Each structure stands twice: as C-alpha cells, then as structure tokens.
Amino acid sequence: MDNAKKDIDVINQYTGEKWYYTDIVKDHFFNPRNLLWERPKDESEYDAHGMVGSPACGDMMEMWMKIDKTNEKVADLKWKTFGCASAIAATSMFSAMVTENDGLSIEDALKVRPQDVMKRLGGLPNRKIHCSVLADKAFQKTANDYFRKIGEYSKIVVDGARVIDTKLNITDKDIEEAVLEGAINLEEVQKKLKVGIGSPEIITEVEQLIRFYKDKYYG
Ligand code: FES
C-alpha cells in the first residue's frame with residue numbers, strides 16, 4: 001500500500017490481523033462520489049441499470065448509468081450498495097474514474113480493472129480486494145443492459161460458469177471467488193474447495209485458472 005498511514009485502522013478481532021486504509025480510501029468512504037441512498041424515483045431518467053450480489057460476502061451493488069448520446073460517453077454513473085467500507089470507497093473511485101474529464105466511452109470504461117481502481121486508492125487490505133470487484137461486475141451488467149437496449153447484442157459479455165470439477169460440481173466462478181477471498185495457490189484453493197482432489201487430470205486447468213484470476217485481480 002503506497003499511501004499507508006502508520007496508525008492501524010482496524011484490528012480483526014478473530015485473526016488479530018491489522019488493517020490500514022489510505023487517506024484516499026477514507027476520503028471516498030466518508031464522502032462517496034455518485035452514491036445514491038435510495039433507488040432513483042424515476043429510473044427512466046437513466047439509460048441502463050445493473051445489479052450484482054457478491055457470493056463471497058452476500059453484499060450487493062446496483063448501478064444506474066446515463067450516456068451522453070452526442071459522443072456515447074458515460075455522462076453519469078450512480079450506485080447504491082450494502083457492501084462494506086472498501087466496497088464503498090472502491091465504487092466511489094470507479095464512478096469518478098469513468099465520469100471524469102467528460103467521461104469514458106463504455107468500451108474504455110469496461111477496460112478499467114479492479115487493480116486500476118486500487119492503484120488510485122493507494123491500495124486496500126488484501127482481504128478486501130474482492131470488495132473492489134463489485135463495481136467492476138455491476139458495471140459490466142449495466143453496460144450489458146445498455147447494449148441490449150440499443151440492440152448491440154454482439155457486445156454483451158456473458159459471464160457463464162463452466163464446471164471444472166465434475167465430481168464435486170465446482171465451476172470456474174467458484175475458483176474465481178476463492179482467489180478473491182485470498183487463496184492464491186493450489187493448496188489454498190483446495191483448502192477451500194477440495195477441487196481436483198481425486199481428479200488429478202484437472203489440476204493443470206485449475207492451476208491455470210488460479211494464475212489467470214490472480215493476475216486479473218492482484219496484478
Ligand atoms: S463488500 Fe463484502 S466484505 Fe466488502
């Protein structure tokens with residue numbers, strides 16, 4: 001964490017782990033940009049809507065987007081969540097990044113990765129990285145909703161789960177969630193999921209997926 005303060009912000013009462021939040025994280029948590037406390041009264045003012053729930057912690061994230069029709073850029077991105085402080089700070093930063101300087105095109109906004117948001121925040125505690133992914137996933141859903149409304153079906157990204165371990169019915173999404181919860185090698189993922197135990201033929205694929213998601217979320 002580049003911008004870490006010396007003072008400990010939170011001590012996890014179960015693990016004793018010390019968490020630090022940067023001043024930027026605190027600013028976005030205490031003064032979230034583009035946050036809605038309530039659902040918009042008139043949703044038709046917005047061009048698209050998306051919602052996701054996080055299987056990792058049960059929290060949800062909802063977004064509403066306005067597009068500037070003259071240049072197809074993101075003019076406004078409002079959001080509402082029951083996520084934690086890190087989710088609030090990360091989504092606040094994400095919404096600022098895609099709307100600042102006249103906004104990004106949807107294609108460019110979709111390229112903003114959780115680690116780009118983390119960099120602008122100066123980092124998050126490791127266990128909180130999965131919280132920053134809620135914004136990314138909710139935005140993908142919102143963009144899909146927009147593409148569907150304007151008939152650009154080929155741009156819709158479908159996040160379908162694929163079964164990797166047929167004996168235990170474990171999907172690539174389960175492996176993704178395990179990585180987001182901090183399991184970043186085969187041993188740690190197997191502690192959570194038992195994936196591949198009894199099916200040695202799938203271990204290479206499981207390891208590839210762990211590497212892929214580790215790279216995607218932790219850079
Ligand atoms: S959003 Fe669930 S723990 Fe942060």
# chains A, B, ... in the order shown; residues from 1 in each chain; ligands from 1
$ residues_around --residues "Phe94 in chain A" --least-positions-apart "4" --cutoff "7 Å" --atoms "only C-alpha atoms" --output "ChimeraX atom specification"
/A:90,98,117,135
$ residues_near_ligand --ligand "ligand 1" --cutoff "9 Å" --atoms "only C-alpha atoms and all ligand atoms" --output "JSON, numbers by chain"
{"A": [54, 55, 56, 57, 58, 59, 60, 61, 81, 82, 83, 84, 85, 86, 87, 88, 127, 128, 129, 130, 131, 132, 133, 134]}
$ write_last_selection --atoms "N, CA and C atoms" --output "compact mmCIF listing (two decimals), in the first residue's frame"
# COMPACT_ATOMS: atom_id res chain seq x y z
N SER A 54 -22.52 -10.27 -4.27
CA SER A 54 -21.24 -10.95 -4.16
C SER A 54 -21.41 -12.26 -3.40
N PRO A 55 -21.13 -13.40 -4.06
CA PRO A 55 -21.23 -14.68 -3.36
C PRO A 55 -20.22 -14.75 -2.21
N ALA A 56 -19.14 -13.94 -2.30
CA ALA A 56 -18.10 -14.02 -1.27
C ALA A 56 -18.60 -13.52 0.07
N CYS A 57 -19.45 -12.51 0.07
CA CYS A 57 -19.86 -11.95 1.36
C CYS A 57 -21.34 -11.62 1.43
N GLY A 58 -22.08 -11.88 0.36
CA GLY A 58 -23.52 -11.65 0.40
C GLY A 58 -23.93 -10.21 0.18
N ASP A 59 -22.98 -9.34 -0.18
CA ASP A 59 -23.33 -7.95 -0.38
C ASP A 59 -23.76 -7.70 -1.82
N MET A 60 -24.49 -6.60 -2.02
CA MET A 60 -24.96 -6.32 -3.37
C MET A 60 -24.56 -4.92 -3.81
N MET A 61 -24.60 -4.74 -5.12
CA MET A 61 -24.24 -3.46 -5.72
C MET A 61 -25.18 -3.20 -6.89
N THR A 81 -25.24 0.55 -2.58
CA THR A 81 -24.71 -0.75 -2.15
C THR A 81 -25.01 -1.05 -0.69
N PHE A 82 -24.94 -2.33 -0.35
CA PHE A 82 -24.90 -2.74 1.04
C PHE A 82 -23.53 -3.34 1.33
N GLY A 83 -22.54 -3.01 0.49
CA GLY A 83 -21.19 -3.51 0.71
C GLY A 83 -20.50 -2.77 1.84
N CYS A 84 -19.29 -3.19 2.13
CA CYS A 84 -18.54 -2.63 3.27
C CYS A 84 -17.82 -1.33 2.88
N ALA A 85 -17.04 -0.81 3.81
CA ALA A 85 -16.31 0.45 3.58
C ALA A 85 -15.43 0.37 2.34
N SER A 86 -14.76 -0.76 2.14
CA SER A 86 -13.87 -0.89 0.98
C SER A 86 -14.66 -0.90 -0.32
N ALA A 87 -15.83 -1.55 -0.30
CA ALA A 87 -16.68 -1.57 -1.50
C ALA A 87 -17.16 -0.16 -1.81
N ILE A 88 -17.50 0.58 -0.78
CA ILE A 88 -17.98 1.96 -0.98
C ILE A 88 -16.85 2.82 -1.56
N ARG A 127 -7.44 -8.74 2.23
CA ARG A 127 -8.73 -9.43 2.37
C ARG A 127 -9.89 -8.64 1.80
N LYS A 128 -9.64 -7.40 1.45
CA LYS A 128 -10.71 -6.52 0.99
C LYS A 128 -10.71 -6.35 -0.52
N ILE A 129 -9.79 -7.05 -1.18
CA ILE A 129 -9.69 -6.87 -2.62
C ILE A 129 -10.98 -7.30 -3.32
N HIS A 130 -11.61 -8.36 -2.81
CA HIS A 130 -12.83 -8.82 -3.50
C HIS A 130 -13.92 -7.75 -3.48
N CYS A 131 -13.86 -6.83 -2.51
CA CYS A 131 -14.89 -5.78 -2.42
C CYS A 131 -14.80 -4.82 -3.61
N SER A 132 -13.56 -4.64 -4.12
CA SER A 132 -13.38 -3.70 -5.22
C SER A 132 -13.92 -4.28 -6.53
N VAL A 133 -14.17 -5.59 -6.54
CA VAL A 133 -14.63 -6.23 -7.76
C VAL A 133 -16.13 -6.04 -7.99
N LEU A 134 -16.83 -5.69 -6.91
CA LEU A 134 -18.29 -5.49 -7.04
C LEU A 134 -18.60 -4.41 -8.08
$ atom_distance --atom1 "CA of Lys69 in chain A" --atom2 "CA of Ala48 in chain A"
12.9 Å
$ select_by_dssp --residues "range 42-208 of chain A" --states "alpha helix (DSSP H)" --output "number ranges by chain"
A: 85-99, 106-110, 114-121, 129-149, 172-180, 186-193, 203-208
$ write_last_selection --atoms "C-alpha atoms" --output "short mmCIF file (atom, residue, chain, number, x, y, z; two decimals), in the first residue's frame"
data_model
loop_
_atom_site.label_atom_id
_atom_site.label_comp_id
_atom_site.auth_asym_id
_atom_site.auth_seq_id
_atom_site.Cartn_x
_atom_site.Cartn_y
_atom_site.Cartn_z
CA ALA A 85 -16.31 0.45 3.58
CA SER A 86 -13.87 -0.89 0.98
CA ALA A 87 -16.68 -1.57 -1.50
CA ILE A 88 -17.98 1.96 -0.98
CA ALA A 89 -14.55 3.55 -1.44
CA ALA A 90 -13.70 1.41 -4.48
CA THR A 91 -17.05 2.02 -6.20
CA SER A 92 -16.86 5.73 -5.46
CA MET A 93 -13.43 5.83 -7.10
CA PHE A 94 -14.62 3.67 -10.04
CA SER A 95 -17.58 6.00 -10.66
CA ALA A 96 -15.25 9.02 -10.56
CA MET A 97 -12.77 7.41 -12.95
CA VAL A 98 -15.32 6.59 -15.64
CA THR A 99 -17.06 10.01 -15.50
CA ILE A 106 -18.37 2.39 -22.49
CA GLU A 107 -15.65 0.30 -24.16
CA ASP A 108 -12.91 2.20 -22.29
CA ALA A 109 -14.87 2.15 -19.03
CA LEU A 110 -15.10 -1.64 -19.36
CA PRO A 114 -10.12 -3.52 -10.17
CA GLN A 115 -6.35 -3.09 -9.86
CA ASP A 116 -6.56 0.30 -11.66
CA VAL A 117 -9.06 1.41 -9.02
CA MET A 118 -6.85 0.01 -6.26
CA LYS A 119 -3.89 1.94 -7.61
CA ARG A 120 -5.83 5.21 -7.50
CA LEU A 121 -6.93 4.38 -3.95
CA ILE A 129 -9.69 -6.87 -2.62
CA HIS A 130 -12.83 -8.82 -3.50
CA CYS A 131 -14.89 -5.78 -2.42
CA SER A 132 -13.38 -3.70 -5.22
CA VAL A 133 -14.63 -6.23 -7.76
CA LEU A 134 -18.29 -5.49 -7.04
CA ALA A 135 -18.07 -2.22 -9.01
CA ASP A 136 -16.44 -3.98 -11.96
CA LYS A 137 -19.11 -6.66 -12.09
CA ALA A 138 -22.02 -4.26 -11.60
CA PHE A 139 -20.69 -2.04 -14.37
CA GLN A 140 -20.41 -5.00 -16.74
CA LYS A 141 -24.08 -5.78 -16.06
CA THR A 142 -25.03 -2.13 -16.56
CA ALA A 143 -23.11 -1.95 -19.84
CA ASN A 144 -24.80 -5.19 -20.99
CA ASP A 145 -28.18 -3.65 -20.19
CA TYR A 146 -27.28 -0.64 -22.35
CA PHE A 147 -26.01 -2.78 -25.24
CA ARG A 148 -29.22 -4.81 -25.08
CA LYS A 149 -31.37 -1.66 -25.16
CA ASP A 172 -14.58 -21.59 -12.69
CA LYS A 173 -16.67 -19.00 -10.80
CA ASP A 174 -16.11 -20.92 -7.54
CA ILE A 175 -12.36 -20.80 -8.21
CA GLU A 176 -12.59 -17.08 -9.01
CA GLU A 177 -14.36 -16.43 -5.70
CA ALA A 178 -11.75 -18.47 -3.80
CA VAL A 179 -8.97 -16.36 -5.35
CA LEU A 180 -10.87 -13.18 -4.50
CA LEU A 186 -3.48 -24.62 -5.50
CA GLU A 187 -3.02 -25.66 -1.88
CA GLU A 188 -5.00 -22.70 -0.55
CA VAL A 189 -7.76 -23.09 -3.14
CA GLN A 190 -8.02 -26.80 -2.33
CA LYS A 191 -8.36 -25.98 1.37
CA LYS A 192 -11.47 -24.02 0.50
CA LEU A 193 -12.91 -26.10 -2.33
CA ILE A 203 -5.13 -29.97 -11.77
CA THR A 204 -3.34 -28.24 -14.65
CA GLU A 205 -6.54 -26.44 -15.65
CA VAL A 206 -7.24 -25.47 -12.03
CA GLU A 207 -3.72 -24.06 -11.68
CA GLN A 208 -4.15 -22.10 -14.93
#
$ atom_distance --atom1 "CA of Glu152 in chain A" --atom2 "CA of Leu36 in chain A"
28.2 Å
$ select_by_dssp --residues "range 24-184 of chain A" --states "strand (DSSP E or B)" --output "NGL selection string"
:A and (35 or 48-53 or 60-68 or 73-81 or 105 or 163-165 or 170-171)
$ write_last_selection --atoms "C-alpha atoms" --output "PDB file, in the first residue's frame"
ATOM      1  CA  LEU A  35     -23.688   7.417  -4.212  1.00  0.00           C
ATOM      2  CA  ALA A  48     -29.135   1.478 -18.150  1.00  0.00           C
ATOM      3  CA  HIS A  49     -29.209  -0.398 -14.857  1.00  0.00           C
ATOM      4  CA  GLY A  50     -27.261  -3.345 -13.463  1.00  0.00           C
ATOM      5  CA  MET A  51     -27.118  -5.256 -10.218  1.00  0.00           C
ATOM      6  CA  VAL A  52     -24.851  -7.938  -8.746  1.00  0.00           C
ATOM      7  CA  GLY A  53     -24.574  -9.734  -5.450  1.00  0.00           C
ATOM      8  CA  MET A  60     -24.960  -6.322  -3.369  1.00  0.00           C
ATOM      9  CA  MET A  61     -24.236  -3.455  -5.717  1.00  0.00           C
ATOM     10  CA  GLU A  62     -26.659  -1.628  -8.002  1.00  0.00           C
ATOM     11  CA  MET A  63     -25.768   0.926 -10.704  1.00  0.00           C
ATOM     12  CA  TRP A  64     -27.585   3.377 -12.955  1.00  0.00           C
ATOM     13  CA  MET A  65     -25.853   4.927 -15.945  1.00  0.00           C
ATOM     14  CA  LYS A  66     -26.575   7.881 -18.234  1.00  0.00           C
ATOM     15  CA  ILE A  67     -24.933   8.039 -21.638  1.00  0.00           C
ATOM     16  CA  ASP A  68     -24.208  11.272 -23.489  1.00  0.00           C
ATOM     17  CA  LYS A  73     -19.609   8.520 -23.291  1.00  0.00           C
ATOM     18  CA  VAL A  74     -20.562   7.783 -19.698  1.00  0.00           C
ATOM     19  CA  ALA A  75     -22.173  11.028 -18.520  1.00  0.00           C
ATOM     20  CA  ASP A  76     -23.273   9.817 -15.094  1.00  0.00           C
ATOM     21  CA  LEU A  77     -22.877   6.661 -13.044  1.00  0.00           C
ATOM     22  CA  LYS A  78     -24.804   6.411  -9.803  1.00  0.00           C
ATOM     23  CA  TRP A  79     -24.671   3.447  -7.435  1.00  0.00           C
ATOM     24  CA  LYS A  80     -26.110   2.061  -4.253  1.00  0.00           C
ATOM     25  CA  THR A  81     -24.712  -0.754  -2.150  1.00  0.00           C
ATOM     26  CA  SER A 105     -16.651   5.561 -23.733  1.00  0.00           C
ATOM     27  CA  VAL A 163     -17.995 -26.813 -14.485  1.00  0.00           C
ATOM     28  CA  ILE A 164     -14.327 -27.680 -13.902  1.00  0.00           C
ATOM     29  CA  ASP A 165     -14.598 -30.483 -11.346  1.00  0.00           C
ATOM     30  CA  ILE A 170     -17.076 -26.908  -8.874  1.00  0.00           C
ATOM     31  CA  THR A 171     -17.100 -24.159 -11.502  1.00  0.00           C
TER      32      THR A 171
END
$ atom_distance --atom1 "CA of Lys194 in chain A" --atom2 "CA of Val158 in chain A"
26.7 Å
$ closest_residue --among "A:Thr70, A:Asn126, A:Asn34, A:Ser44" --to "Lys18 in chain A" --atoms "only C-alpha atoms"
A:Asn126
